[in-house]
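Structure file start.txt (compact mmCIF, C-alpha atoms) follows.
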```txt
# COMPACT_ATOMS: atom_id res chain seq x y z
CA MET A 186 109.08 52.04 102.07
CA VAL A 187 107.38 54.40 104.51
CA GLU A 188 104.25 52.72 105.86
CA SER A 189 101.00 54.64 106.49
CA GLU A 190 100.23 55.73 110.05
CA ASP A 191 97.68 57.96 111.69
CA GLU A 192 97.95 61.20 109.71
CA ALA A 193 97.17 63.51 112.61
CA GLU A 194 99.87 61.98 114.79
CA ALA A 195 102.35 62.14 111.93
CA ALA A 196 101.68 65.82 111.34
CA CYS A 197 102.49 66.64 114.95
CA ALA A 198 106.01 65.30 114.39
CA VAL A 199 106.83 67.64 111.50
CA VAL A 200 110.23 69.31 112.04
CA LEU A 201 111.11 71.99 109.49
CA THR A 202 114.43 73.83 109.59
CA PRO A 203 115.69 76.99 107.85
CA PRO A 204 117.00 76.58 104.30
CA LEU A 205 120.62 77.11 103.31
CA SER A 206 121.05 80.79 102.46
CA LEU A 207 123.71 83.48 102.27
CA GLU A 208 122.64 85.10 105.53
CA GLY A 209 121.67 83.29 108.71
CA GLY A 210 119.58 80.29 107.80
CA LEU A 211 120.54 76.79 108.84
CA ALA A 212 124.29 77.55 108.90
CA ALA A 213 123.74 80.00 111.76
CA GLU A 214 122.28 77.22 113.92
CA LEU A 215 124.96 74.58 113.31
CA ARG A 216 128.58 74.40 114.44
CA PRO A 217 130.83 71.45 113.56
CA ALA A 218 132.31 69.86 116.69
CA SER A 219 135.88 68.53 116.59
CA LEU A 220 136.71 68.75 112.89
CA ALA A 221 139.77 66.49 113.31
CA GLN A 222 137.62 63.76 114.83
CA ARG A 223 135.10 64.01 111.96
CA VAL A 224 137.76 63.72 109.28
CA LEU A 225 139.41 60.80 111.07
CA SER A 226 136.05 59.05 111.30
CA LEU A 227 135.62 59.33 107.53
CA PHE A 228 138.99 57.70 106.88
CA LEU A 229 138.16 54.87 109.27
CA ASN A 230 134.85 54.14 107.54
CA VAL A 231 135.66 54.40 103.82
CA ARG A 232 138.46 53.41 101.48
CA PRO A 233 139.74 55.16 98.32
CA GLY A 234 137.50 54.42 95.34
CA SER A 235 134.61 53.16 97.46
CA ASP A 236 131.00 53.96 96.57
CA LEU A 237 129.60 56.42 99.11
CA SER A 238 126.02 56.49 97.78
CA HIS A 239 124.97 53.95 100.46
CA PHE A 240 127.30 55.13 103.21
CA GLN A 241 125.47 56.12 106.40
CA LEU A 242 127.03 58.95 108.37
CA PRO A 243 126.65 59.16 112.14
CA ALA A 244 124.11 61.74 113.26
CA THR A 245 126.85 64.15 114.37
CA PHE A 246 127.61 64.71 110.68
CA ASN A 247 124.02 65.28 109.58
CA LEU A 248 122.14 68.41 108.69
CA PRO A 249 118.69 68.25 110.33
CA LYS A 250 116.98 67.50 107.02
CA SER A 251 116.86 64.93 104.25
CA GLN A 252 118.39 65.16 100.78
CA LEU A 253 114.80 65.45 99.46
CA GLN A 254 114.37 68.68 101.42
CA LEU A 255 117.66 70.10 100.11
CA TYR A 256 116.63 69.36 96.51
CA GLY A 257 113.21 70.90 97.12
CA GLU A 258 114.53 74.04 98.81
CA GLY A 259 116.47 74.85 95.65
CA VAL A 260 113.11 75.17 93.91
CA TYR A 261 110.62 76.54 96.44
CA CYS A 262 112.87 78.68 98.67
CA ALA A 263 113.76 81.85 96.77
CA GLY A 264 113.72 85.53 97.56
CA GLU A 265 113.14 86.47 93.93
CA ASP A 266 110.66 85.03 91.43
CA LEU A 267 113.18 83.83 88.84
CA LEU A 268 110.94 81.04 87.56
CA GLY A 269 108.16 83.51 86.88
CA ARG A 270 110.66 85.70 85.05
CA CYS A 271 111.50 82.73 82.80
CA ALA A 272 107.84 82.38 81.83
CA ARG A 273 107.49 86.14 81.19
CA GLY A 274 110.56 86.43 78.95
CA ARG A 275 109.90 88.45 75.78
CA ASP A 276 112.01 86.35 73.42
CA SER A 277 113.88 83.07 73.36
CA LEU A 278 117.27 84.63 74.19
CA GLU A 279 115.88 86.47 77.21
CA ARG A 280 114.09 83.33 78.39
CA LEU A 281 117.25 81.23 78.11
CA ALA A 282 119.18 83.86 80.08
CA CYS A 283 116.47 83.79 82.77
CA VAL A 284 116.66 80.00 82.92
CA VAL A 285 120.43 80.26 83.36
CA ALA A 286 119.91 82.73 86.23
CA TRP A 287 117.37 80.42 87.84
CA SER A 288 119.71 77.43 87.51
CA ILE A 289 122.43 79.40 89.30
CA SER A 290 119.96 80.17 92.10
CA THR A 291 119.63 76.46 92.89
CA THR A 292 123.30 76.54 93.96
CA ARG A 293 123.19 77.05 97.72
CA PRO A 294 126.07 77.58 100.19
CA PRO A 295 127.21 74.14 101.41
CA ILE A 296 128.37 73.57 104.98
CA PHE A 297 131.60 71.63 105.41
CA GLY A 298 131.33 68.74 107.87
CA PHE A 299 127.58 68.22 107.45
CA ALA A 300 125.45 66.16 105.04
CA PRO A 301 121.70 65.54 104.76
CA TYR A 302 120.07 62.22 105.61
CA ASN A 303 119.96 59.62 102.84
CA PRO A 304 116.22 59.37 102.01
CA VAL A 305 114.45 56.06 102.62
CA LEU A 306 112.41 54.39 99.89
CA GLY A 307 108.99 55.97 99.45
CA GLU A 308 109.89 59.11 101.40
CA THR A 309 108.13 62.21 100.02
CA HIS A 310 108.33 65.97 100.40
CA HIS A 311 105.38 68.20 99.42
CA VAL A 312 105.60 72.01 99.70
CA SER A 313 103.85 75.00 98.10
CA THR A 314 104.74 78.66 97.77
CA THR A 315 102.03 81.22 98.42
CA SER A 316 103.22 83.78 95.87
CA GLY A 317 105.55 84.23 92.94
CA CYS A 318 105.67 81.97 89.90
CA GLY A 319 102.22 81.69 88.29
CA GLY A 320 100.43 82.55 91.53
CA GLY A 321 102.36 79.97 93.53
CA LEU A 322 104.39 76.82 92.92
CA ASN A 323 103.47 73.34 94.12
CA VAL A 324 106.46 70.99 94.54
CA LEU A 325 106.43 67.24 95.14
CA LEU A 326 109.45 64.96 95.58
CA GLU A 327 109.64 61.21 96.09
CA GLN A 328 112.49 58.79 96.71
CA VAL A 329 111.66 56.35 93.92
CA SER A 330 114.66 54.04 94.39
CA HIS A 331 117.01 53.29 97.27
CA ARG A 332 119.69 51.20 95.56
CA PRO A 333 120.71 53.03 93.54
CA PRO A 334 119.36 56.18 95.21
CA VAL A 335 117.06 58.04 92.78
CA THR A 336 114.97 61.10 93.60
CA ALA A 337 112.12 62.40 91.43
CA LEU A 338 110.71 65.93 91.52
CA HIS A 339 107.57 67.37 89.95
CA ALA A 340 106.52 71.01 90.26
CA THR A 341 103.76 73.00 88.60
CA ASP A 342 102.42 76.53 89.06
CA ALA A 343 98.81 77.54 89.63
CA ARG A 344 98.46 79.15 86.17
CA GLY A 345 99.84 76.24 84.21
CA GLU A 346 102.80 78.16 82.79
CA VAL A 347 105.72 76.26 84.32
CA ARG A 348 106.44 72.57 84.84
CA LEU A 349 109.56 71.04 86.39
CA VAL A 350 110.44 67.35 86.15
CA TRP A 351 113.69 66.08 87.67
CA CYS A 352 115.18 62.64 88.05
CA GLN A 353 118.43 62.74 90.01
CA SER A 354 120.84 60.21 91.45
CA PRO A 355 123.84 61.23 93.57
CA ALA A 356 127.10 59.47 92.74
CA PRO A 357 129.70 60.40 95.42
CA ARG A 358 133.20 58.96 95.27
CA PHE A 359 136.07 59.09 97.77
CA HIS A 360 139.42 60.11 96.27
CA GLY A 361 141.76 60.17 99.24
CA ALA A 362 142.08 63.92 99.82
CA SER A 363 138.60 64.80 98.55
CA VAL A 364 135.05 63.56 97.97
CA GLU A 365 133.39 64.27 94.63
CA ALA A 366 129.59 64.36 94.95
CA ALA A 367 128.35 64.37 91.36
CA VAL A 368 124.66 64.19 90.44
CA ARG A 369 123.48 62.11 87.51
CA GLY A 370 120.12 62.49 85.79
CA ALA A 371 117.97 64.99 83.95
CA ARG A 372 116.43 68.26 85.11
CA GLU A 373 113.75 69.62 82.78
CA LEU A 374 112.05 73.00 82.94
CA ARG A 375 109.05 73.43 80.63
CA LEU A 376 107.67 76.85 79.77
CA LEU A 377 104.27 75.68 78.58
CA ARG A 378 103.01 78.95 77.11
CA HIS A 379 106.09 79.15 74.89
CA ALA A 380 106.23 75.39 74.14
CA GLU A 381 109.88 75.30 75.23
CA THR A 382 111.72 72.63 77.22
CA TYR A 383 115.05 73.38 78.87
CA VAL A 384 117.35 70.54 79.87
CA ILE A 385 119.53 71.75 82.73
CA GLY A 386 122.63 70.23 84.27
CA CYS A 387 123.96 70.90 87.73
CA PRO A 388 127.46 71.28 89.17
CA GLY A 389 129.04 68.71 91.42
CA LEU A 390 129.99 69.30 95.04
CA LEU A 391 133.70 68.91 95.72
CA ILE A 392 134.53 68.30 99.38
CA ARG A 393 138.23 68.90 100.03
CA LEU A 394 139.73 67.26 103.11
CA PHE A 395 143.37 68.27 102.60
CA PRO A 396 145.31 70.51 102.63
CA SER A 397 142.56 72.96 103.54
CA PRO A 398 139.08 71.55 104.38
CA ALA A 399 136.38 73.16 102.23
CA CYS A 400 133.24 72.58 100.17
CA GLU A 401 132.86 74.08 96.71
CA TRP A 402 130.66 73.69 93.66
CA SER A 403 132.61 72.70 90.57
CA GLY A 404 132.19 71.35 87.06
CA ASP A 405 130.62 72.25 83.74
CA VAL A 406 126.88 72.74 83.27
CA ARG A 407 124.82 72.90 80.07
CA VAL A 408 121.42 74.54 79.62
CA VAL A 409 119.87 73.50 76.32
CA CYS A 410 116.60 74.42 74.59
CA ALA A 411 116.00 72.37 71.44
CA GLU A 412 112.97 74.42 70.38
CA SER A 413 114.85 77.74 70.24
CA GLY A 414 118.17 76.24 69.19
CA LEU A 415 119.94 78.13 71.98
CA GLU A 416 122.14 76.81 74.74
CA ALA A 417 124.44 77.97 77.48
CA GLN A 418 127.61 76.49 78.91
CA LEU A 419 128.64 77.37 82.45
CA SER A 420 131.73 76.48 84.41
CA TYR A 421 131.77 76.53 88.20
CA CYS A 422 135.43 76.97 88.95
CA ARG A 423 138.17 78.80 90.85
CA THR A 424 139.45 82.14 89.57
CA ARG A 425 142.96 80.65 89.33
CA ARG A 426 144.43 77.18 89.03
CA SER A 427 145.44 75.59 92.31
CA PHE A 428 148.66 73.69 92.98
CA LEU A 429 148.28 70.47 94.99
CA GLY A 430 145.12 71.90 96.54
CA PHE A 431 146.77 75.18 97.57
CA GLY A 432 145.67 78.58 96.31
CA GLY A 433 143.40 78.78 93.30
CA GLY A 434 141.70 82.03 94.18
CA ASP A 435 137.96 82.34 94.74
CA ALA A 436 136.12 79.01 94.47
CA ARG A 437 132.70 80.55 93.79
CA CYS A 438 133.36 81.76 90.27
CA VAL A 439 130.87 81.15 87.42
CA ARG A 440 131.89 81.71 83.81
CA GLY A 441 130.24 80.78 80.55
CA ARG A 442 128.52 81.83 77.37
CA ILE A 443 125.28 81.62 75.41
CA PHE A 444 125.31 80.54 71.76
CA ARG A 445 123.26 78.90 69.03
CA SER A 446 123.56 75.11 69.05
CA ALA A 447 123.97 75.09 65.26
CA GLU A 448 126.84 77.60 65.50
CA PRO A 449 128.74 76.73 68.68
CA GLY A 450 131.66 78.98 67.77
CA ASP A 451 129.50 82.10 67.53
CA THR A 452 129.04 83.43 71.08
CA LEU A 453 126.01 85.64 71.65
CA CYS A 454 126.58 86.52 75.30
CA GLU A 455 129.34 86.07 77.84
CA ILE A 456 128.56 85.20 81.47
CA ASP A 457 130.89 86.04 84.34
CA GLY A 458 130.68 86.49 88.08
CA PHE A 459 130.26 84.67 91.39
CA TRP A 460 127.26 82.55 92.35
CA ASP A 461 127.26 83.98 95.90
CA ARG A 462 127.36 87.62 94.70
CA GLN A 463 126.50 88.81 91.20
CA VAL A 464 126.72 87.25 87.76
CA THR A 465 126.69 89.54 84.72
CA ARG A 466 125.73 89.00 81.12
CA ARG A 467 127.56 90.80 78.30
CA ASP A 468 125.84 91.04 74.90
CA LEU A 469 128.61 90.77 72.32
CA ALA A 470 126.51 92.43 69.60
CA THR A 471 125.90 95.63 71.58
CA GLY A 472 128.57 95.47 74.27
CA GLU A 473 125.89 96.03 76.90
CA VAL A 474 126.58 94.53 80.34
CA SER A 475 123.66 93.75 82.64
CA VAL A 476 123.16 91.90 85.92
CA LEU A 477 121.97 88.39 85.12
CA TYR A 478 121.79 87.12 88.70
CA ASP A 479 121.95 88.80 92.10
CA ALA A 480 122.52 86.25 94.87
CA GLN A 481 121.60 88.67 97.64
CA ARG A 482 118.13 89.11 96.17
CA ALA A 483 117.69 85.46 95.22
CA ILE A 484 119.08 83.52 98.21
CA GLY A 485 120.17 86.20 100.68
CA ASP A 486 117.58 85.72 103.41
CA LEU A 487 115.09 82.89 102.87
CA ALA A 488 111.90 82.03 104.72
CA THR A 489 111.48 78.70 106.52
CA PRO A 490 108.51 76.55 105.41
CA VAL A 491 105.66 76.16 107.90
CA VAL A 492 102.84 73.65 108.37
CA GLN A 493 99.53 75.11 107.22
CA ASP A 494 97.36 71.98 107.31
CA ARG A 495 98.50 69.48 109.94
CA LYS A 496 95.92 66.86 108.99
CA GLY A 497 97.07 66.96 105.37
CA VAL A 498 100.68 66.02 106.11
CA SER A 499 101.49 62.51 104.92
CA ALA A 500 103.23 59.96 107.14
CA SER A 501 105.79 59.59 104.32
CA GLU A 502 106.63 63.30 104.48
CA SER A 503 110.38 63.77 104.88
CA ALA A 504 110.00 66.25 107.76
CA VAL A 505 107.93 63.58 109.57
CA VAL A 506 110.10 60.55 108.79
CA TRP A 507 113.20 62.30 110.16
CA GLY A 508 111.39 64.56 112.63
CA GLU A 509 112.67 62.90 115.80
CA VAL A 510 116.23 62.82 114.47
CA SER A 511 116.16 66.47 113.43
CA ASN A 512 114.68 67.57 116.73
CA ALA A 513 117.46 65.78 118.64
CA ILE A 514 120.18 67.25 116.40
CA LEU A 515 118.83 70.77 116.95
CA LYS A 516 119.02 70.12 120.70
CA LYS A 517 122.53 68.64 120.27
CA ASP A 518 121.32 65.42 121.91
CA TRP A 519 123.58 63.20 119.82
CA GLU A 520 122.77 59.90 121.52
CA THR A 521 119.02 60.34 120.98
CA ALA A 522 119.64 61.49 117.42
CA GLN A 523 121.75 58.43 116.61
CA GLN A 524 119.20 56.05 118.13
CA ALA A 525 116.32 57.70 116.25
CA LYS A 526 118.27 57.63 113.00
CA ARG A 527 119.05 53.94 113.46
CA ARG A 528 115.33 53.23 113.99
CA VAL A 529 114.41 54.94 110.71
CA GLU A 530 117.06 53.02 108.79
CA ASP A 531 116.32 49.68 110.51
CA THR A 532 112.60 50.08 109.77
CA ALA A 533 113.32 50.73 106.10
CA ARG A 534 115.51 47.60 105.95
CA ARG A 535 112.83 45.53 107.67
CA PHE A 536 110.15 46.64 105.19
CA ALA A 537 112.50 45.81 102.30
CA LYS A 538 113.15 42.31 103.70
CA GLU A 539 109.43 41.69 104.20
CA ARG A 540 108.72 42.69 100.60
CA ASN A 541 111.46 40.42 99.32
CA ASP A 542 110.13 37.52 101.41
CA ARG A 543 106.66 38.04 99.89
CA GLY A 544 108.09 38.41 96.38
CA GLU A 545 106.68 41.96 96.07
CA VAL A 546 108.15 44.61 93.80
CA TRP A 547 107.88 48.13 95.20
CA THR A 548 106.54 50.82 92.86
CA PRO A 549 106.59 54.60 93.41
CA LYS A 550 103.32 56.29 94.35
CA HIS A 551 103.71 59.48 92.31
CA PHE A 552 106.10 58.63 89.46
CA SER A 553 106.89 55.98 86.88
CA LEU A 554 110.49 54.78 86.90
CA SER A 555 112.54 53.17 84.13
CA GLN A 556 116.04 52.92 82.72
CA ASN A 557 117.04 54.00 79.23
CA LYS A 558 119.48 52.21 76.92
CA SER A 559 122.38 54.11 78.48
CA GLY A 560 121.49 52.82 81.92
CA ASP A 561 120.33 56.22 83.21
CA TRP A 562 117.17 56.38 85.29
CA GLU A 563 114.12 58.22 83.92
CA CYS A 564 111.13 59.36 85.96
CA TRP A 565 107.82 60.79 84.87
CA PRO A 566 104.98 62.05 87.10
CA LEU A 567 101.74 60.07 87.09
CA GLU A 568 99.66 63.26 87.37
CA ASP A 569 99.68 66.33 85.10
CA SER A 570 99.89 68.78 87.99
CA VAL A 571 100.88 68.93 91.64
CA PRO A 572 98.13 69.79 94.15
CA PRO A 573 98.61 72.45 96.85
CA ALA A 574 100.65 71.19 99.80
CA PRO A 575 99.96 71.22 103.55
CA ILE A 576 103.41 72.76 104.06
CA VAL A 577 103.91 76.26 102.66
CA VAL A 578 106.67 78.81 102.27
CA PRO A 579 105.56 82.22 103.60
CA SER A 580 105.54 84.96 100.97
CA SER A 581 108.59 87.20 100.76
CA SER A 582 108.35 90.95 100.29
CA SER A 583 111.38 90.77 97.99
CA SER A 584 109.67 88.53 95.43
CA SER A 585 109.24 90.17 92.04
```
How does the structure come out when it is put into structure tokens?
Amino acid sequence: MVESEDEAEAACAVVLTPPLSLEGGLAAELRPASLAQRVLSLFLNVRPGSDLSHFQLPATFNLPKSQLQLYGEGVYCAGEDLLGRCARGRDSLERLACVVAWSISTTRPPIFGFAPYNPVLGETHHVSTTSGCGGGLNVLLEQVSHRPPVTALHATDARGEVRLVWCQSPAPRFHGASVEAAVRGARELRLLRHAETYVIGCPGLLIRLFPSPACEWSGDVRVVCAESGLEAQLSYCRTRRSFLGFGGGDARCVRGRIFRSAEPGDTLCEIDGFWDRQVTRRDLATGEVSVLYDAQRAIGDLATPVVQDRKGVSASESAVVWGEVSNAILKKDWETAQQAKRRVEDTARRFAKERNDRGEVWTPKHFSLSQNKSGDWECWPLEDSVPPAPIVVPSSSSSS
């Protein structure tokens, strides 16, 4: 758990870095050093079939941000107001298509050789947008469990039209020549004015080590709305089948369709394209083809969050907890980064031991947490809405 400290001092330590985007962003500031040494280090530290959800990478492998921040950026960092478009959809089919487009926008370009920090228990991340969806979106994340790692997200807009509730748990596995980073849990998007709830899946991240090192999103994703009876199926895949890891064409392909749940064989629309370029939607009834998603507009050049209210930043804020580590990584001071990272992790272990010694059971501050009959974790926010955050994303002229 992250213990409370002087709020003003904590705010001074906030380190915020650019989001992952198609142009520039964080990728422009990072360069992997000695790829062969990194890959060798992985083989020395893990074995085939081992559970990587608790594996701690050395700081030289880390992005200067926590997994909480990466999850959050998929929601609050956008060049186009796709969530607002979901709420403004004229009919259920248009709204489902907009939700599909928004779900694709949460897919950001991964960087091979780097991974975010594993969040510590009680770590939070609270950010607001100053424009777009419903007059601005307020987003709050909390690490509600450490073993297993479970992250909860709650987001609401100022007009009360949109509500997001996520409960996610990464489940990475090492398979010799690759690492499969799947994400378990539910992602719900509620369009309150239309009384519709969309349950949205997400692709897994496949990290290939041999024969050609690469990161790519892969897997099947469903977007389901029980109220409208509509759903979409998407497949993140390569344009061609690969042979022993060779070839396979473009790895950023997205294909799928929209149909009625009661008539799964009757396709209403076909979806085809590339998540880093354009994805089109073809209406089978009319033959009309339209642009469903334009990556350049949505994630082409994204703004970096800034601190607006230093005194309002919590000591549990992710950008504070890992601030010293991130600052050292940005300066390429690897020894300082590793020492600072070890302090964060050792402190979290010490707090856990102290709680166990006292017989205390830790409970999340912002969410309830439980397991269903299938063993999956379920989270629900304790408050109906998220308040404005002390960290904000500057408005973008490209928002619409």
**Asked** Nearest to Ala244 (chain A) among A:His339, A:Lys496, A:Arg423, A:Lys526, with distances taken over only C-alpha atoms: which residue is it?
**Response** A:Lys526
Give me the residues near Gln556 (chain A) as a PDB file with C-alpha atoms, in the coordinates of the input, where near means some atom within 12 Å (using only C-alpha atoms) and where sequence neighbours in that chain fewer than 3 positions away do not count.
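Generated output (part-v1.pdb):
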```pdb
ATOM      1  CA  SER A 330     114.660  54.040  94.390  1.00  0.00           C
ATOM      2  CA  PRO A 333     120.710  53.030  93.540  1.00  0.00           C
ATOM      3  CA  VAL A 335     117.060  58.040  92.780  1.00  0.00           C
ATOM      4  CA  CYS A 352     115.180  62.640  88.050  1.00  0.00           C
ATOM      5  CA  GLY A 370     120.120  62.490  85.790  1.00  0.00           C
ATOM      6  CA  SER A 553     106.890  55.980  86.880  1.00  0.00           C
ATOM      7  CA  SER A 559     122.380  54.110  78.480  1.00  0.00           C
ATOM      8  CA  GLY A 560     121.490  52.820  81.920  1.00  0.00           C
ATOM      9  CA  ASP A 561     120.330  56.220  83.210  1.00  0.00           C
ATOM     10  CA  TRP A 562     117.170  56.380  85.290  1.00  0.00           C
ATOM     11  CA  GLU A 563     114.120  58.220  83.920  1.00  0.00           C
ATOM     12  CA  CYS A 564     111.130  59.360  85.960  1.00  0.00           C
ATOM     13  CA  TRP A 565     107.820  60.790  84.870  1.00  0.00           C
TER      14      TRP A 565
END
```
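With distances restricted to only C-alpha atoms, A:Val571 is the closest residue to Arg344 (chain A) from A:Tyr478, A:Val571, A:Arg293, A:Arg495.
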**Counting all atoms listed in the file, the residue of A:Ala340, A:Leu477, A:Leu394, A:Ile484 that sits nearest His311 (chain A)** = A:Ala340
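Between CA of Ser501 (chain A) and CA of Gly307 (chain A) lies a distance of 6.9 Å.
CA of Pro243 (chain A) sits 11.2 Å away from CA of Ala525 (chain A).
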**For Trp547 (chain A): contacts at 12 Å, only C-alpha atoms, fewer than 3 positions along chain excluded, given as number ranges by chain** = A: 186-187, 306-307, 328-331, 536-541, 543-544, 550, 553-554
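Each of A:Gly264, A:Gly317, A:Pro572, A:Pro579 was compared to Thr291 (chain A) using all atoms listed in the file, and A:Gly264 turns out to be the nearest.
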